[in-house]
Amino acid sequence: MEDNRQDTPLDDPEFKTTPPAAGFAPPRVRAVLLVQLAFSVLLTIAGAMLLQLIARLGGWDESLLTGELKPDASAASRWQMRLLLAVSQISTFLLAGWMTLRLFYPPAWRSLDYLKARRRPNARLLLLGLLLMLVAIPLVMYLYQINKALPLPELFRSMEDKTAGTLKELLRMDTALELWANLGLIALLPALGEELVFRGVLQQQLLRRLRMPWEALLLAAAIFSFAHLQFEGFLPRMVLGLVLGWLYWRTGNFWIPAAAHFVNNGAQILGQFLYSRGLFPIDLAQDIIISWPFALVSLLLTLALMFWINQICRRQTLLPS
């Protein structure tokens with residue numbers, strides 16, 4: 001039988017120097033996924049109830065609770081929407097994901113081991129992972145053009161327009177404080193929470209269940225994209241999820257895809273802030289046309305970086321411990 005050890009991620013249990021704790025039986029995949037879904041749904045409802053209470057006590061415009069920011073929204077409305085997004089991210093992803101890990105992989109150190117978050121990432125792999133995300137952006141934007149050209153039901157189209165309008169308003173940052181808030185609430189929280197749930201829980205459990213790793217990576221990426229309920233961006237977001245999932249699987253370190261996710265979101269926020277001050281030439285709130293040759297170059301660079309990262313990981317897994 002062919003030996004595939006060299007293709008195993010760096011943090012794969014096969015290469016750990018310490019054996020699993022005696023008496024610890026891995027949980028059933030179906031149980032973990034069902035509990036994760038239940039926690040996410042219940043905590044989303046709890047977060048929504050909390051926001052309803054805050055809105056009524058604070059005299060908010062209740063249209064904010066539907067996720068809609070009207071054009072030329074006031075600074076107060078933008079801050080209220082940021083609070084809504086923060087509560088949603090914390091409850092649906094960060095808290096729900098961590099509760100799932102603590103339930104099935106206690107105590108905390110084992111939860112972090114399972115998540116592959118106890119070790120600092122390799123500096124070179126971290127930098128290459130960030131670069132991989134950046135060079136993939138033109139390809140992702142080109143796929144967005146293709147996806148957007150596909151016919152959608154009017155209901156989906158109106159949902160897309162509402163989401164796009166809200167994001168455009170959130171990216172209208174009048175002060176540096178709004179920039180830092182957006183980096184924390186729109187970039188950092190999703191990078192941690194969504195990676196925890198979709199890569200840390202979902203993808204890792206699918207890898208336990210499915211025979212081929214790419215099946216697990218593709219399915220996790222598709223669910224990640226679908227969960228955003230933004231169908232004009234389904235294909236490009238799925239590709240982003242696939243890149244992030246591959247980084248997690250191949251490097252065996254949670255912090256590398258989390259950092260790449262943060263850079264993807266943060267670059268858009270920072271670019272829009274700089275554009276509003278005349279320091280960046282492109283308005284990222286508008287549709288940007290990417291030509292197919294540019295997208296092809298992006299694809300080739302993405303594949304080249306993935307090959308480079310893969311070679312580094314293979315060499316390191318073959319080193320003696």
# chains A, B, ... in the order shown; residues from 1 in each chain; ligands from 1
call {"tool": "residues_around", "arguments": {"residues": "Ile289 of chain A", "least_positions_apart": "4", "cutoff": "9 Å", "atoms": "only C-alpha atoms", "output": "list in words"}}
result
Met141, Tyr142 and Gln145 of chain A
call {"tool": "write_last_selection", "arguments": {"atoms": "N, CA and C atoms", "output": "compact mmCIF listing (two decimals), in the first residue's frame"}}
result
# COMPACT_ATOMS: atom_id res chain seq x y z
N MET A 141 -12.71 38.04 -7.62
CA MET A 141 -13.52 39.13 -8.17
C MET A 141 -14.02 38.79 -9.58
N TYR A 142 -13.22 38.11 -10.35
CA TYR A 142 -13.64 37.68 -11.69
C TYR A 142 -14.79 36.67 -11.59
N GLN A 145 -18.01 38.37 -11.01
CA GLN A 145 -18.63 38.88 -12.24
C GLN A 145 -19.43 37.79 -12.93
call {"tool": "closest_atom_pairs", "arguments": {"of": "segment 123-163 of chain A", "to": "segment 263-270 of chain A", "cutoff": "8 Å", "atoms": "only C-alpha atoms", "output": "Markdown table"}}
result
| residue | atom | partner | partner_atom | distance |
| --- | --- | --- | --- | --- |
| A:Leu130 | CA | A:Val263 | CA | 6.8 |
| A:Met133 | CA | A:Asn264 | CA | 6.5 |
| A:Leu134 | CA | A:Asn264 | CA | 6.9 |
| A:Ile137 | CA | A:Asn264 | CA | 7.9 |
call {"tool": "write_last_selection", "arguments": {"atoms": "N, CA and C atoms", "output": "compact mmCIF listing (two decimals), in the first residue's frame"}}
result
# COMPACT_ATOMS: atom_id res chain seq x y z
N LEU A 130 -0.88 34.50 3.84
CA LEU A 130 -1.43 35.84 3.62
C LEU A 130 -1.25 36.26 2.16
N MET A 133 -3.78 34.56 -0.09
CA MET A 133 -5.09 35.19 -0.07
C MET A 133 -5.11 36.45 -0.93
N LEU A 134 -4.06 37.24 -0.87
CA LEU A 134 -4.02 38.49 -1.63
C LEU A 134 -3.98 38.24 -3.14
N ILE A 137 -7.33 37.33 -4.82
CA ILE A 137 -8.44 38.30 -4.86
C ILE A 137 -8.90 38.62 -6.29
call {"tool": "select_by_dssp", "arguments": {"residues": "segment 113-280 of chain A", "states": "helix (DSSP H, G or I)", "output": "short mmCIF file (atom, residue, chain, number, x, y, z; two decimals) with N, CA and C atoms, in the first residue's frame"}}
result
data_model
loop_
_atom_site.label_atom_id
_atom_site.label_comp_id
_atom_site.auth_asym_id
_atom_site.auth_seq_id
_atom_site.Cartn_x
_atom_site.Cartn_y
_atom_site.Cartn_z
N ASP A 113 -6.14 21.83 21.21
CA ASP A 113 -5.39 20.85 20.43
C ASP A 113 -6.18 20.40 19.22
N TYR A 114 -7.45 20.09 19.44
CA TYR A 114 -8.31 19.68 18.33
C TYR A 114 -8.38 20.78 17.27
N LEU A 115 -8.50 22.02 17.75
CA LEU A 115 -8.59 23.16 16.83
C LEU A 115 -7.26 23.47 16.15
N ALA A 123 6.34 31.05 10.74
CA ALA A 123 6.33 32.43 10.21
C ALA A 123 6.30 32.43 8.69
N ARG A 124 7.09 31.56 8.05
CA ARG A 124 7.12 31.55 6.59
C ARG A 124 5.78 31.08 6.01
N LEU A 125 5.19 30.06 6.63
CA LEU A 125 3.89 29.58 6.15
C LEU A 125 2.81 30.64 6.37
N LEU A 126 2.90 31.36 7.48
CA LEU A 126 1.93 32.42 7.74
C LEU A 126 2.02 33.51 6.67
N LEU A 127 3.22 33.96 6.35
CA LEU A 127 3.39 35.01 5.33
C LEU A 127 2.93 34.52 3.96
N LEU A 128 3.25 33.27 3.64
CA LEU A 128 2.82 32.73 2.34
C LEU A 128 1.31 32.56 2.30
N GLY A 129 0.69 32.21 3.43
CA GLY A 129 -0.76 32.10 3.47
C GLY A 129 -1.44 33.44 3.25
N LEU A 130 -0.88 34.50 3.84
CA LEU A 130 -1.43 35.84 3.62
C LEU A 130 -1.25 36.26 2.16
N LEU A 131 -0.09 35.97 1.61
CA LEU A 131 0.17 36.31 0.21
C LEU A 131 -0.76 35.52 -0.71
N LEU A 132 -1.00 34.26 -0.38
CA LEU A 132 -1.92 33.44 -1.17
C LEU A 132 -3.30 34.08 -1.23
N MET A 133 -3.78 34.56 -0.09
CA MET A 133 -5.09 35.19 -0.07
C MET A 133 -5.11 36.45 -0.93
N LEU A 134 -4.06 37.24 -0.87
CA LEU A 134 -4.02 38.49 -1.63
C LEU A 134 -3.98 38.24 -3.14
N VAL A 135 -3.16 37.28 -3.58
CA VAL A 135 -3.05 37.04 -5.03
C VAL A 135 -4.31 36.37 -5.57
N ALA A 136 -5.11 35.74 -4.70
CA ALA A 136 -6.34 35.11 -5.16
C ALA A 136 -7.48 36.11 -5.34
N ILE A 137 -7.33 37.33 -4.82
CA ILE A 137 -8.44 38.30 -4.86
C ILE A 137 -8.90 38.62 -6.29
N PRO A 138 -8.01 38.89 -7.26
CA PRO A 138 -8.51 39.14 -8.63
C PRO A 138 -9.29 37.96 -9.20
N LEU A 139 -8.85 36.74 -8.94
CA LEU A 139 -9.59 35.56 -9.40
C LEU A 139 -10.98 35.53 -8.77
N VAL A 140 -11.05 35.80 -7.48
CA VAL A 140 -12.34 35.79 -6.78
C VAL A 140 -13.26 36.88 -7.34
N MET A 141 -12.71 38.04 -7.62
CA MET A 141 -13.52 39.13 -8.17
C MET A 141 -14.02 38.79 -9.58
N TYR A 142 -13.22 38.11 -10.35
CA TYR A 142 -13.64 37.68 -11.69
C TYR A 142 -14.79 36.67 -11.59
N LEU A 143 -14.67 35.73 -10.63
CA LEU A 143 -15.74 34.77 -10.42
C LEU A 143 -17.01 35.46 -9.96
N TYR A 144 -16.87 36.55 -9.22
CA TYR A 144 -18.05 37.32 -8.80
C TYR A 144 -18.77 37.89 -10.03
N GLN A 145 -18.01 38.37 -11.01
CA GLN A 145 -18.63 38.88 -12.24
C GLN A 145 -19.43 37.79 -12.93
N ILE A 146 -18.84 36.59 -13.00
CA ILE A 146 -19.55 35.47 -13.64
C ILE A 146 -20.80 35.10 -12.86
N ASN A 147 -20.66 34.99 -11.54
CA ASN A 147 -21.77 34.62 -10.68
C ASN A 147 -22.91 35.65 -10.78
N LYS A 148 -22.53 36.92 -10.81
CA LYS A 148 -23.54 37.98 -10.84
C LYS A 148 -24.34 37.98 -12.14
N ALA A 149 -23.74 37.47 -13.20
CA ALA A 149 -24.43 37.44 -14.49
C ALA A 149 -25.47 36.33 -14.56
N GLU A 154 -36.22 37.14 -8.06
CA GLU A 154 -36.30 38.53 -7.62
C GLU A 154 -36.11 38.66 -6.11
N LEU A 155 -36.59 37.68 -5.36
CA LEU A 155 -36.41 37.72 -3.90
C LEU A 155 -34.93 37.72 -3.54
N PHE A 156 -34.16 36.84 -4.18
CA PHE A 156 -32.72 36.79 -3.92
C PHE A 156 -32.04 38.08 -4.34
N ARG A 157 -32.48 38.63 -5.47
CA ARG A 157 -31.88 39.86 -5.97
C ARG A 157 -32.11 41.01 -5.00
N SER A 158 -33.31 41.10 -4.44
CA SER A 158 -33.60 42.17 -3.48
C SER A 158 -32.78 41.98 -2.20
N MET A 159 -32.57 40.72 -1.79
CA MET A 159 -31.73 40.45 -0.62
C MET A 159 -30.30 40.90 -0.87
N GLU A 160 -29.81 40.64 -2.08
CA GLU A 160 -28.45 41.05 -2.44
C GLU A 160 -28.32 42.57 -2.41
N ASP A 161 -29.33 43.26 -2.95
CA ASP A 161 -29.28 44.73 -2.99
C ASP A 161 -29.27 45.30 -1.57
N LYS A 162 -30.06 44.71 -0.67
CA LYS A 162 -30.11 45.20 0.70
C LYS A 162 -28.77 44.99 1.40
N THR A 163 -28.19 43.80 1.19
CA THR A 163 -26.90 43.51 1.81
C THR A 163 -25.81 44.42 1.27
N ALA A 164 -25.81 44.63 -0.04
CA ALA A 164 -24.80 45.50 -0.65
C ALA A 164 -24.95 46.93 -0.14
N GLY A 165 -26.20 47.40 0.01
CA GLY A 165 -26.41 48.75 0.52
C GLY A 165 -25.94 48.91 1.95
N THR A 166 -26.19 47.90 2.77
CA THR A 166 -25.74 47.94 4.16
C THR A 166 -24.22 47.97 4.24
N LEU A 167 -23.58 47.11 3.45
CA LEU A 167 -22.11 47.08 3.47
C LEU A 167 -21.53 48.39 3.00
N LYS A 168 -22.14 48.99 1.98
CA LYS A 168 -21.65 50.27 1.47
C LYS A 168 -21.71 51.34 2.55
N GLU A 169 -22.80 51.34 3.33
CA GLU A 169 -22.92 52.32 4.41
C GLU A 169 -21.91 52.06 5.53
N LEU A 170 -21.70 50.79 5.86
CA LEU A 170 -20.73 50.46 6.91
C LEU A 170 -19.32 50.85 6.51
N ALA A 176 -11.21 57.75 12.06
CA ALA A 176 -10.31 56.61 12.23
C ALA A 176 -10.91 55.59 13.20
N LEU A 177 -11.72 56.06 14.15
CA LEU A 177 -12.35 55.15 15.10
C LEU A 177 -13.28 54.17 14.38
N GLU A 178 -14.00 54.66 13.35
CA GLU A 178 -14.86 53.78 12.58
C GLU A 178 -14.04 52.77 11.79
N LEU A 179 -12.88 53.18 11.33
CA LEU A 179 -11.98 52.23 10.64
C LEU A 179 -11.59 51.10 11.58
N TRP A 180 -11.13 51.44 12.78
CA TRP A 180 -10.71 50.42 13.73
C TRP A 180 -11.87 49.54 14.16
N ALA A 181 -13.05 50.15 14.30
CA ALA A 181 -14.23 49.35 14.66
C ALA A 181 -14.56 48.36 13.55
N ASN A 182 -14.50 48.80 12.29
CA ASN A 182 -14.79 47.90 11.18
C ASN A 182 -13.75 46.78 11.09
N LEU A 183 -12.48 47.11 11.32
CA LEU A 183 -11.46 46.07 11.29
C LEU A 183 -11.71 45.02 12.38
N GLY A 184 -12.19 45.49 13.53
CA GLY A 184 -12.47 44.54 14.60
C GLY A 184 -13.74 43.74 14.38
N LEU A 185 -14.81 44.41 13.94
CA LEU A 185 -16.12 43.78 13.88
C LEU A 185 -16.43 43.11 12.55
N ILE A 186 -15.86 43.62 11.45
CA ILE A 186 -16.15 43.06 10.13
C ILE A 186 -15.00 42.19 9.63
N ALA A 187 -13.82 42.36 10.19
CA ALA A 187 -12.67 41.57 9.75
C ALA A 187 -12.23 40.56 10.80
N LEU A 188 -11.96 41.02 12.03
CA LEU A 188 -11.39 40.13 13.05
C LEU A 188 -12.41 39.11 13.58
N LEU A 189 -13.59 39.57 13.99
CA LEU A 189 -14.57 38.64 14.54
C LEU A 189 -14.97 37.54 13.55
N PRO A 190 -15.29 37.88 12.27
CA PRO A 190 -15.57 36.80 11.32
C PRO A 190 -14.38 35.88 11.08
N ALA A 191 -13.17 36.45 11.08
CA ALA A 191 -11.98 35.62 10.86
C ALA A 191 -11.85 34.57 11.95
N LEU A 192 -12.15 34.93 13.18
CA LEU A 192 -12.06 33.98 14.28
C LEU A 192 -13.29 33.07 14.34
N GLY A 193 -14.46 33.68 14.33
CA GLY A 193 -15.68 32.90 14.52
C GLY A 193 -16.00 31.98 13.36
N GLU A 194 -15.93 32.48 12.13
CA GLU A 194 -16.27 31.65 10.98
C GLU A 194 -15.22 30.56 10.75
N GLU A 195 -13.96 30.87 11.00
CA GLU A 195 -12.95 29.82 10.88
C GLU A 195 -13.14 28.75 11.95
N LEU A 196 -13.53 29.16 13.14
CA LEU A 196 -13.78 28.21 14.21
C LEU A 196 -14.88 27.23 13.82
N VAL A 197 -15.99 27.74 13.30
CA VAL A 197 -17.13 26.88 12.99
C VAL A 197 -16.94 26.11 11.68
N PHE A 198 -16.59 26.84 10.60
CA PHE A 198 -16.59 26.20 9.28
C PHE A 198 -15.33 25.39 9.01
N ARG A 199 -14.21 25.80 9.51
CA ARG A 199 -13.00 25.02 9.33
C ARG A 199 -12.71 24.17 10.57
N GLY A 200 -12.75 24.78 11.76
CA GLY A 200 -12.39 24.06 12.96
C GLY A 200 -13.33 22.92 13.30
N VAL A 201 -14.64 23.17 13.19
CA VAL A 201 -15.61 22.13 13.51
C VAL A 201 -16.06 21.39 12.25
N LEU A 202 -16.70 22.10 11.34
CA LEU A 202 -17.32 21.45 10.18
C LEU A 202 -16.29 20.71 9.32
N GLN A 203 -15.26 21.40 8.85
CA GLN A 203 -14.32 20.75 7.94
C GLN A 203 -13.58 19.60 8.62
N GLN A 204 -13.16 19.80 9.85
CA GLN A 204 -12.41 18.72 10.51
C GLN A 204 -13.28 17.49 10.74
N GLN A 205 -14.57 17.69 11.04
CA GLN A 205 -15.45 16.54 11.20
C GLN A 205 -15.72 15.85 9.87
N LEU A 206 -15.87 16.63 8.80
CA LEU A 206 -16.05 16.03 7.47
C LEU A 206 -14.82 15.25 7.05
N LEU A 207 -13.64 15.74 7.42
CA LEU A 207 -12.41 15.01 7.11
C LEU A 207 -12.37 13.65 7.82
N ARG A 208 -13.00 13.56 8.98
CA ARG A 208 -13.07 12.29 9.68
C ARG A 208 -14.02 11.33 8.98
N ARG A 209 -15.03 11.88 8.31
CA ARG A 209 -16.12 11.06 7.77
C ARG A 209 -15.91 10.68 6.30
N PRO A 213 -9.87 13.84 1.19
CA PRO A 213 -9.82 15.18 1.79
C PRO A 213 -10.49 16.25 0.95
N TRP A 214 -10.33 16.18 -0.38
CA TRP A 214 -10.91 17.24 -1.21
C TRP A 214 -12.43 17.24 -1.16
N GLU A 215 -13.03 16.08 -0.92
CA GLU A 215 -14.48 16.04 -0.76
C GLU A 215 -14.90 16.87 0.46
N ALA A 216 -14.17 16.68 1.55
CA ALA A 216 -14.47 17.42 2.77
C ALA A 216 -14.24 18.92 2.58
N LEU A 217 -13.14 19.28 1.93
CA LEU A 217 -12.82 20.69 1.73
C LEU A 217 -13.87 21.37 0.84
N LEU A 218 -14.27 20.70 -0.23
CA LEU A 218 -15.27 21.27 -1.14
C LEU A 218 -16.63 21.41 -0.47
N LEU A 219 -17.04 20.38 0.28
CA LEU A 219 -18.34 20.43 0.93
C LEU A 219 -18.36 21.51 2.01
N ALA A 220 -17.29 21.60 2.80
CA ALA A 220 -17.22 22.64 3.84
C ALA A 220 -17.24 24.03 3.21
N ALA A 221 -16.53 24.21 2.09
CA ALA A 221 -16.51 25.51 1.41
C ALA A 221 -17.89 25.87 0.86
N ALA A 222 -18.61 24.88 0.33
CA ALA A 222 -19.95 25.14 -0.20
C ALA A 222 -20.91 25.54 0.92
N ILE A 223 -20.83 24.85 2.06
CA ILE A 223 -21.70 25.20 3.20
C ILE A 223 -21.34 26.57 3.75
N PHE A 224 -20.04 26.86 3.82
CA PHE A 224 -19.58 28.19 4.25
C PHE A 224 -20.17 29.28 3.38
N SER A 225 -20.16 29.09 2.07
CA SER A 225 -20.69 30.10 1.16
C SER A 225 -22.21 30.20 1.27
N PHE A 226 -22.88 29.06 1.34
CA PHE A 226 -24.34 29.06 1.41
C PHE A 226 -24.83 29.74 2.68
N ALA A 227 -24.10 29.55 3.79
CA ALA A 227 -24.53 30.10 5.08
C ALA A 227 -24.58 31.62 5.08
N PHE A 231 -26.29 35.04 -2.71
CA PHE A 231 -26.17 34.10 -3.81
C PHE A 231 -25.45 34.68 -5.02
N GLU A 232 -25.40 36.00 -5.13
CA GLU A 232 -24.60 36.59 -6.20
C GLU A 232 -23.12 36.33 -5.98
N GLY A 233 -22.73 36.09 -4.74
CA GLY A 233 -21.33 35.84 -4.43
C GLY A 233 -21.07 34.41 -4.01
N PHE A 234 -21.98 33.48 -4.34
CA PHE A 234 -21.83 32.10 -3.87
C PHE A 234 -20.54 31.47 -4.39
N LEU A 235 -20.29 31.58 -5.69
CA LEU A 235 -19.13 30.92 -6.29
C LEU A 235 -17.81 31.51 -5.79
N PRO A 236 -17.63 32.85 -5.82
CA PRO A 236 -16.35 33.38 -5.32
C PRO A 236 -16.15 33.12 -3.83
N ARG A 237 -17.22 33.18 -3.04
CA ARG A 237 -17.05 32.91 -1.60
C ARG A 237 -16.72 31.44 -1.36
N MET A 238 -17.25 30.56 -2.19
CA MET A 238 -16.90 29.15 -2.07
C MET A 238 -15.43 28.93 -2.37
N VAL A 239 -14.92 29.62 -3.40
CA VAL A 239 -13.49 29.50 -3.72
C VAL A 239 -12.64 30.04 -2.58
N LEU A 240 -13.05 31.16 -1.99
CA LEU A 240 -12.33 31.68 -0.81
C LEU A 240 -12.35 30.65 0.32
N GLY A 241 -13.51 30.06 0.56
CA GLY A 241 -13.61 29.04 1.59
C GLY A 241 -12.73 27.84 1.30
N LEU A 242 -12.60 27.49 0.01
CA LEU A 242 -11.76 26.37 -0.37
C LEU A 242 -10.29 26.68 -0.12
N VAL A 243 -9.87 27.90 -0.45
CA VAL A 243 -8.48 28.31 -0.19
C VAL A 243 -8.19 28.30 1.31
N LEU A 244 -9.11 28.85 2.10
CA LEU A 244 -8.92 28.88 3.55
C LEU A 244 -8.92 27.47 4.12
N GLY A 245 -9.82 26.64 3.63
CA GLY A 245 -9.87 25.25 4.10
C GLY A 245 -8.61 24.49 3.74
N TRP A 246 -8.09 24.72 2.55
CA TRP A 246 -6.86 24.05 2.14
C TRP A 246 -5.69 24.50 3.01
N LEU A 247 -5.61 25.79 3.30
CA LEU A 247 -4.55 26.29 4.18
C LEU A 247 -4.61 25.62 5.54
N TYR A 248 -5.81 25.48 6.08
CA TYR A 248 -5.97 24.86 7.40
C TYR A 248 -5.56 23.39 7.36
N TRP A 249 -6.06 22.68 6.37
CA TRP A 249 -5.77 21.25 6.25
C TRP A 249 -4.29 21.00 6.00
N ARG A 250 -3.68 21.82 5.16
CA ARG A 250 -2.30 21.53 4.75
C ARG A 250 -1.28 21.97 5.79
N THR A 251 -1.51 23.13 6.40
CA THR A 251 -0.53 23.62 7.38
C THR A 251 -0.78 23.07 8.78
N TRP A 255 -4.34 29.35 13.09
CA TRP A 255 -4.08 30.78 13.00
C TRP A 255 -3.74 31.22 11.58
N ILE A 256 -3.30 30.31 10.73
CA ILE A 256 -2.95 30.70 9.36
C ILE A 256 -4.20 31.03 8.54
N PRO A 257 -5.22 30.16 8.44
CA PRO A 257 -6.44 30.58 7.72
C PRO A 257 -7.17 31.72 8.42
N ALA A 258 -7.11 31.79 9.75
CA ALA A 258 -7.76 32.91 10.45
C ALA A 258 -7.11 34.23 10.05
N ALA A 259 -5.78 34.25 9.99
CA ALA A 259 -5.07 35.46 9.59
C ALA A 259 -5.37 35.80 8.12
N ALA A 260 -5.43 34.78 7.25
CA ALA A 260 -5.73 35.02 5.85
C ALA A 260 -7.15 35.57 5.67
N HIS A 261 -8.08 35.04 6.44
CA HIS A 261 -9.47 35.53 6.41
C HIS A 261 -9.51 37.00 6.85
N PHE A 262 -8.77 37.32 7.90
CA PHE A 262 -8.72 38.71 8.38
C PHE A 262 -8.14 39.63 7.30
N VAL A 263 -7.08 39.20 6.65
CA VAL A 263 -6.45 40.03 5.61
C VAL A 263 -7.41 40.26 4.45
N ASN A 264 -8.16 39.23 4.05
CA ASN A 264 -9.11 39.38 2.94
C ASN A 264 -10.15 40.44 3.27
N ASN A 265 -10.76 40.35 4.46
CA ASN A 265 -11.77 41.33 4.85
C ASN A 265 -11.16 42.70 5.16
N GLY A 266 -10.03 42.66 5.87
CA GLY A 266 -9.40 43.91 6.29
C GLY A 266 -8.87 44.73 5.14
N ALA A 267 -8.37 44.07 4.09
CA ALA A 267 -7.84 44.80 2.94
C ALA A 267 -8.94 45.62 2.27
N GLN A 268 -10.15 45.07 2.20
CA GLN A 268 -11.26 45.81 1.59
C GLN A 268 -11.65 47.01 2.45
N ILE A 269 -11.66 46.81 3.76
CA ILE A 269 -12.02 47.91 4.67
C ILE A 269 -10.98 49.02 4.60
N LEU A 270 -9.71 48.65 4.69
CA LEU A 270 -8.64 49.64 4.66
C LEU A 270 -8.60 50.35 3.31
N GLY A 271 -8.77 49.60 2.22
CA GLY A 271 -8.76 50.20 0.89
C GLY A 271 -9.86 51.23 0.73
N GLN A 272 -11.06 50.93 1.26
CA GLN A 272 -12.16 51.88 1.14
C GLN A 272 -11.92 53.11 1.99
N PHE A 273 -11.33 52.93 3.17
CA PHE A 273 -11.01 54.07 4.03
C PHE A 273 -10.00 54.98 3.34
N LEU A 274 -8.97 54.40 2.75
CA LEU A 274 -7.96 55.20 2.07
C LEU A 274 -8.53 55.88 0.83
N TYR A 275 -9.45 55.19 0.12
CA TYR A 275 -10.08 55.80 -1.05
C TYR A 275 -10.87 57.06 -0.66
N SER A 276 -11.57 56.99 0.48
CA SER A 276 -12.38 58.13 0.90
C SER A 276 -11.52 59.34 1.24
#
call {"tool": "atom_distance", "arguments": {"atom1": "atom CA of Ala31 of chain A", "atom2": "atom CA of Leu101 of chain A"}}
result
11.9 Å
call {"tool": "closest_atom_pairs", "arguments": {"of": "segment 24-64 of chain A", "to": "segment 81-99 of chain A", "cutoff": "8 Å", "atoms": "only C-alpha atoms", "output": "tab-separated table"}}
result
residue	atom	partner	partner_atom	distance
A:Gln36	CA	A:Gly97	CA	6.5
A:Phe39	CA	A:Ala96	CA	5.1
A:Ser40	CA	A:Thr92	CA	4.6
A:Val41	CA	A:Thr92	CA	7.0
A:Leu43	CA	A:Ser91	CA	5.3
A:Thr44	CA	A:Thr92	CA	5.1
A:Ala46	CA	A:Ser91	CA	7.9
A:Gly47	CA	A:Val87	CA	6.2
A:Ala48	CA	A:Ser88	CA	7.7
A:Leu51	CA	A:Leu84	CA	6.8
A:Leu64	CA	A:Met81	CA	6.5
call {"tool": "atom_distance", "arguments": {"atom1": "atom CA of Lys116 of chain A", "atom2": "atom CA of Leu305 of chain A"}}
result
22.2 Å
call {"tool": "atom_distance", "arguments": {"atom1": "atom CA of Ser74 of chain A", "atom2": "atom CA of Pro281 of chain A"}}
result
25.7 Å
call {"tool": "closest_residue", "arguments": {"among": "A:Thr302, A:Phe254, A:Ala38, A:Val297", "to": "Pro121 of chain A", "atoms": "only C-alpha atoms"}}
result
A:Phe254
call {"tool": "decode", "arguments": {"residues": "segment 69-81 of chain A", "atoms": "N, CA and C atoms", "output": "compact mmCIF listing (two decimals), in the first residue's frame"}}
result
# COMPACT_ATOMS: atom_id res chain seq x y z
N LEU A 69 -29.31 48.96 6.40
CA LEU A 69 -28.92 50.34 6.65
C LEU A 69 -29.36 51.17 5.45
N LYS A 70 -30.14 52.18 5.70
CA LYS A 70 -30.64 53.01 4.61
C LYS A 70 -29.53 53.90 4.06
N PRO A 71 -29.66 54.35 2.80
CA PRO A 71 -28.64 55.25 2.23
C PRO A 71 -28.46 56.49 3.09
N ASP A 72 -27.20 56.95 3.18
CA ASP A 72 -26.86 58.13 3.98
C ASP A 72 -27.27 57.96 5.45
N ALA A 73 -27.08 56.74 5.96
CA ALA A 73 -27.41 56.48 7.36
C ALA A 73 -26.53 57.34 8.27
N SER A 74 -27.08 57.69 9.40
CA SER A 74 -26.34 58.52 10.36
C SER A 74 -25.22 57.70 10.99
N ALA A 75 -24.26 58.42 11.59
CA ALA A 75 -23.17 57.74 12.28
C ALA A 75 -23.71 56.86 13.40
N ALA A 76 -24.76 57.33 14.09
CA ALA A 76 -25.35 56.55 15.17
C ALA A 76 -25.92 55.23 14.65
N SER A 77 -26.58 55.28 13.49
CA SER A 77 -27.14 54.06 12.90
C SER A 77 -26.04 53.08 12.50
N ARG A 78 -24.95 53.63 11.99
CA ARG A 78 -23.83 52.75 11.61
C ARG A 78 -23.25 52.05 12.83
N TRP A 79 -23.11 52.77 13.93
CA TRP A 79 -22.61 52.15 15.16
C TRP A 79 -23.58 51.11 15.70
N GLN A 80 -24.86 51.38 15.59
CA GLN A 80 -25.85 50.40 16.04
C GLN A 80 -25.77 49.13 15.19
N MET A 81 -25.58 49.29 13.88
CA MET A 81 -25.45 48.12 13.02
C MET A 81 -24.18 47.33 13.34
